[in-house]
file query.cif (mmCIF, C-alpha atoms)
data_query
loop_
_atom_site.label_atom_id
_atom_site.label_comp_id
_atom_site.auth_asym_id
_atom_site.auth_seq_id
_atom_site.Cartn_x
_atom_site.Cartn_y
_atom_site.Cartn_z
CA MET Z 14 64.17 65.26 102.40
CA ILE Z 15 60.97 66.89 103.52
CA TYR Z 16 58.24 67.08 100.90
CA GLY Z 17 55.35 69.53 100.61
CA LYS Z 18 52.72 69.93 97.93
CA ARG Z 19 54.85 72.03 95.59
CA ILE Z 20 58.24 72.08 97.28
CA ARG Z 21 60.83 69.92 98.94
CA LEU Z 22 63.51 70.73 101.48
CA ARG Z 23 66.94 69.14 101.13
CA HIS Z 24 70.21 69.75 102.92
CA ALA Z 25 72.56 72.30 101.38
CA GLU Z 26 75.53 71.01 99.42
CA ARG Z 27 78.88 72.59 98.57
CA SER Z 28 77.69 72.88 94.94
CA ASP Z 29 74.96 75.32 96.13
CA ILE Z 30 77.51 77.93 97.24
CA PRO Z 31 77.69 79.88 93.92
CA VAL Z 32 73.90 80.29 93.93
CA PHE Z 33 73.93 81.55 97.53
CA VAL Z 34 76.64 84.07 96.60
CA LYS Z 35 74.59 85.29 93.63
CA TRP Z 36 71.54 85.85 95.85
CA LEU Z 37 73.50 87.47 98.68
CA ASN Z 38 75.01 89.92 96.22
CA ASP Z 39 71.54 91.08 95.14
CA PRO Z 40 70.55 94.15 97.23
CA GLU Z 41 66.82 93.33 96.90
CA VAL Z 42 67.33 89.85 98.36
CA ARG Z 43 69.61 91.15 101.13
CA ALA Z 44 67.03 93.80 102.10
CA GLY Z 45 64.83 91.12 103.68
CA ILE Z 46 67.52 89.30 105.66
CA SER Z 47 70.12 90.29 108.23
CA ALA Z 48 73.04 90.20 105.75
CA TYR Z 49 73.76 93.76 104.67
CA LEU Z 50 77.05 93.43 102.79
CA PRO Z 51 77.81 91.59 99.54
CA MET Z 52 79.36 88.14 99.99
CA SER Z 53 82.44 86.65 98.35
CA MET Z 54 82.82 83.00 97.35
CA ALA Z 55 85.54 82.61 100.00
CA GLU Z 56 83.29 84.00 102.74
CA GLU Z 57 80.39 81.78 101.70
CA GLU Z 58 82.67 78.73 101.57
CA LYS Z 59 83.85 79.53 105.10
CA TRP Z 60 80.21 79.88 106.24
CA PHE Z 61 79.36 76.52 104.62
CA GLU Z 62 82.31 74.78 106.33
CA LYS Z 63 81.19 76.12 109.71
CA SER Z 64 77.64 74.92 109.03
CA LEU Z 65 78.97 71.35 108.72
CA ASP Z 66 80.11 71.50 112.36
CA ARG Z 67 76.64 72.37 113.63
CA PRO Z 68 74.24 69.75 115.01
CA PRO Z 69 72.00 68.13 112.37
CA GLU Z 70 68.96 70.05 113.66
CA GLU Z 71 70.67 73.29 112.59
CA GLY Z 72 71.34 72.10 109.06
CA ILE Z 73 70.60 74.46 106.20
CA PHE Z 74 67.70 73.31 104.04
CA CYS Z 75 67.54 74.28 100.38
CA ILE Z 76 64.04 75.05 99.15
CA GLU Z 77 63.29 73.45 95.80
CA VAL Z 78 60.18 73.88 93.64
CA ARG Z 79 58.90 71.10 91.42
CA GLN Z 80 59.26 72.02 87.76
CA THR Z 81 58.00 69.85 84.93
CA SER Z 82 60.77 67.26 85.08
CA LYS Z 83 63.21 68.68 87.65
CA TRP Z 84 63.51 70.65 90.87
CA ALA Z 85 64.48 74.35 90.90
CA PHE Z 86 66.55 75.66 93.86
CA ILE Z 87 64.86 78.91 95.00
CA GLY Z 88 65.95 79.60 98.57
CA SER Z 89 66.95 78.32 101.98
CA THR Z 90 65.66 77.94 105.52
CA SER Z 91 66.97 76.69 108.85
CA PHE Z 92 66.51 76.58 112.59
CA PHE Z 93 69.21 78.11 114.81
CA ASN Z 94 69.72 79.49 118.33
CA PHE Z 95 68.32 76.29 119.86
CA ASN Z 96 67.58 76.15 123.57
CA TRP Z 97 66.77 72.50 124.28
CA ARG Z 98 65.88 73.10 127.94
CA ALA Z 99 63.13 75.54 126.89
CA ARG Z 100 62.51 73.57 123.66
CA LYS Z 101 62.72 76.65 121.45
CA ALA Z 102 64.55 77.71 118.31
CA GLU Z 103 64.72 80.63 115.93
CA ILE Z 104 63.90 80.16 112.26
CA GLY Z 105 65.06 81.98 109.17
CA ILE Z 106 64.11 81.86 105.50
CA MET Z 107 65.34 83.40 102.28
CA ILE Z 108 63.67 83.11 98.90
CA GLY Z 109 66.68 84.12 96.85
CA ASP Z 110 65.26 83.58 93.35
CA LYS Z 111 63.08 86.67 92.91
CA SER Z 112 61.10 85.07 90.08
CA PHE Z 113 59.49 82.92 92.81
CA TRP Z 114 58.50 85.81 95.09
CA ASP Z 115 54.81 86.37 95.86
CA LYS Z 116 53.78 82.86 94.81
CA GLY Z 117 53.25 81.30 98.25
CA TYR Z 118 56.50 79.33 98.39
CA GLY Z 119 57.67 81.10 101.55
CA THR Z 120 54.36 80.32 103.23
CA GLU Z 121 54.53 76.65 102.22
CA THR Z 122 58.13 76.46 103.43
CA MET Z 123 57.21 77.91 106.80
CA LEU Z 124 54.35 75.42 107.17
CA LEU Z 125 56.73 72.53 106.47
CA MET Z 126 59.32 73.89 108.88
CA LEU Z 127 56.75 74.40 111.64
CA GLN Z 128 55.56 70.84 111.15
CA HIS Z 129 59.17 69.61 111.26
CA GLY Z 130 59.98 71.74 114.31
CA PHE Z 131 56.95 70.77 116.36
CA GLU Z 132 56.34 67.21 115.23
CA THR Z 133 59.88 65.93 114.57
CA LEU Z 134 62.13 68.07 116.77
CA ASN Z 135 59.49 68.39 119.54
CA LEU Z 136 60.01 72.13 119.94
CA HIS Z 137 57.62 74.10 122.13
CA ARG Z 138 58.28 77.55 120.65
CA ILE Z 139 59.51 78.72 117.25
CA TYR Z 140 60.28 82.38 116.78
CA LEU Z 141 61.80 84.75 114.26
CA LYS Z 142 62.91 88.32 113.73
CA VAL Z 143 61.54 90.23 110.75
CA PHE Z 144 62.06 93.81 109.64
CA ALA Z 145 58.94 95.96 110.02
CA THR Z 146 59.74 97.19 106.49
CA ASN Z 147 59.05 93.70 105.06
CA PRO Z 148 55.22 93.44 104.91
CA ARG Z 149 55.31 90.52 102.45
CA ALA Z 150 57.19 88.35 104.95
CA ILE Z 151 55.04 89.50 107.88
CA ARG Z 152 51.87 88.45 106.01
CA ALA Z 153 53.35 85.03 105.23
CA TYR Z 154 54.31 84.50 108.88
CA GLU Z 155 50.88 85.56 110.13
CA LYS Z 156 49.22 83.18 107.63
CA VAL Z 157 50.95 80.17 109.18
CA GLY Z 158 50.25 81.19 112.78
CA PHE Z 159 53.05 83.48 113.97
CA LEU Z 160 51.93 86.22 116.36
CA LEU Z 161 53.65 89.52 117.05
CA GLU Z 162 55.39 89.27 120.42
CA ALA Z 163 57.64 92.33 120.51
CA ARG Z 164 58.74 95.40 118.60
CA LEU Z 165 62.38 96.41 118.93
CA ARG Z 166 62.15 100.09 118.17
CA GLU Z 167 64.70 101.25 115.59
CA GLY Z 168 66.50 97.92 115.87
CA ASN Z 169 67.55 97.89 112.22
CA TYR Z 170 69.64 100.35 110.24
CA ASP Z 171 69.64 100.27 106.45
CA ASP Z 172 70.35 102.91 103.80
CA GLY Z 173 70.70 105.64 106.41
CA VAL Z 174 67.32 104.93 108.05
CA TYR Z 175 66.40 103.20 111.29
CA SER Z 176 63.39 100.88 111.31
CA ASP Z 177 61.82 98.50 113.80
CA ASP Z 178 62.53 94.80 114.19
CA LEU Z 179 59.55 92.60 114.98
CA ILE Z 180 59.77 89.40 117.02
CA MET Z 181 57.09 86.88 116.07
CA GLY Z 182 56.48 83.45 117.50
CA VAL Z 183 54.22 80.43 117.49
CA LEU Z 184 53.77 77.90 120.29
CA GLN Z 185 53.30 74.17 119.86
CA HIS Z 186 49.74 74.16 121.26
CA GLU Z 187 48.79 77.00 118.87
CA TRP Z 188 50.16 74.92 115.99
CA ASP Z 189 48.22 71.88 117.22
CA ILE Z 190 44.98 73.89 117.31
CA LYS Z 191 45.64 75.45 113.92
CA THR Z 192 46.34 72.09 112.27
CA LYS Z 193 43.84 70.16 114.42
CA SER Z 194 46.56 67.58 114.98
CA VAL Z 195 46.36 65.16 117.85
CA ARG Z 196 49.39 65.01 120.10
CA ARG Z 197 50.90 61.57 120.36
CA PRO Z 198 51.52 60.18 123.85
CA ARG Z 199 55.13 60.32 124.96
#
call {"tool": "encode", "arguments": {"input": "query.cif", "output": "structure tokens"}}
result
Amino acid sequence: MIYGKRIRLRHAERSDIPVFVKWLNDPEVRAGISAYLPMSMAEEEKWFEKSLDRPPEEGIFCIEVRQTSKWAFIGSTSFFNFNWRARKAEIGIMIGDKSFWDKGYGTETMLLMLQHGFETLNLHRIYLKVFATNPRAIRAYEKVGFLLEARLREGNYDDGVYSDDLIMGVLQHEWDIKTKSVRRPR
């Protein structure tokens, strides 16, 4: 597990599938991610089985928030689309439990994942795609150091309207400067 101040990241388990299905069937949750259709239990089980065949670096992390005496499962995050030669990967996040929106948990998760990506996986570049119609996510990404790299004009289609996709990224040396960390010799 990876621990932060208020959260921890643990690998997804089969028992998490019903919660994922609940979130993915909520149109408000789906609006911020690339899934645009409701999800069945069978489809989510198939997705989970495929995730078990991926390398460990691409494992799905469940985001949990410390409650008084237990941990509450509120979302998920993962790296994917790895290119080990260029030392880069894409990252995604979903805070599925809407009662935890706008409380900084997405920002804290991204900080932990950047630390994990740069300091454990030795990535050089971490990037993501975000809908231009999702200002809450864009602010969280900017807070942790992501910079706008590209705008894919009308790259998304939702509810009969086209909107832009934004590509944002952060480089290892930018992370090092931001966190004032000292690189260890190799």
call {"tool": "closest_atom_pairs", "arguments": {"input": "query.cif", "of": "range 117-146 of chain Z", "to": "range 107-110 of chain Z", "cutoff": "10 Å", "atoms": "only C-alpha atoms", "output": "tab-separated table"}}
result
residue	atom	partner	partner_atom	distance
Z:Tyr118	CA	Z:Ile108	CA	8.1
Z:Gly119	CA	Z:Ile108	CA	6.9
Z:Thr122	CA	Z:Ile108	CA	9.8
call {"tool": "residues_around", "arguments": {"input": "query.cif", "residues": "Ser53 in chain Z", "least_positions_apart": "3", "cutoff": "10 Å", "atoms": "all atoms listed in the file", "output": "list in words"}}
result
Pro31, Phe33, Val34, Lys35, Leu37, Asn38, Leu50, Glu56, Glu57, Glu58 and Lys59 of chain Z
call {"tool": "resolve_selection", "arguments": {"input": "query.cif", "expression": "the PyMOL selection byres ((chain Z and resi 20-23) around 6)", "output": "VMD selection string"}}
result
chain Z and resid 14 to 19 24 74 to 79
call {"tool": "atom_distance", "arguments": {"input": "query.cif", "atom1": "CA of Thr146 in chain Z", "atom2": "CA of Asn94 in chain Z"}}
result
23.5 Å
call {"tool": "resolve_selection", "arguments": {"input": "query.cif", "expression": "the PyMOL selection byres ((chain Z and resi 180) around 10)", "output": "ChimeraX atom specification"}}
result
/Z:140-145,159-165,177-179,181-182
call {"tool": "closest_residue", "arguments": {"input": "query.cif", "among": "Z:Lys156, Z:Lys116, Z:Lys191, Z:Arg138", "to": "Ala102 in chain Z", "atoms": "all atoms listed in the file"}}
result
Z:Arg138
call {"tool": "resolve_selection", "arguments": {"input": "query.cif", "expression": "the PyMOL selection byres ((chain Z and resi 91) around 7)", "output": "MDAnalysis selection string"}}
result
chainID Z and resid 71:74 90 92:93 104:106
call {"tool": "atom_distance", "arguments": {"input": "query.cif", "atom1": "CA of Asp39 in chain Z", "atom2": "CA of Leu125 in chain Z"}}
result
26.3 Å
call {"tool": "closest_residue", "arguments": {"input": "query.cif", "among": "Z:Gln185, Z:Ser176, Z:Asn147, Z:Ser89", "to": "Asn135 in chain Z", "atoms": "only C-alpha atoms"}}
result
Z:Gln185
call {"tool": "atom_distance", "arguments": {"input": "query.cif", "atom1": "CA of Ile139 in chain Z", "atom2": "CA of Leu184 in chain Z"}}
result
6.5 Å
call {"tool": "closest_residue", "arguments": {"input": "query.cif", "among": "Z:Ala99, Z:Val183, Z:Ala150, Z:Val174", "to": "Leu127 in chain Z", "atoms": "only C-alpha atoms"}}
result
Z:Val183
call {"tool": "closest_residue", "arguments": {"input": "query.cif", "among": "Z:Asp172, Z:Glu62, Z:Glu187, Z:Asp29", "to": "Phe131 in chain Z", "atoms": "only C-alpha atoms"}}
result
Z:Glu187
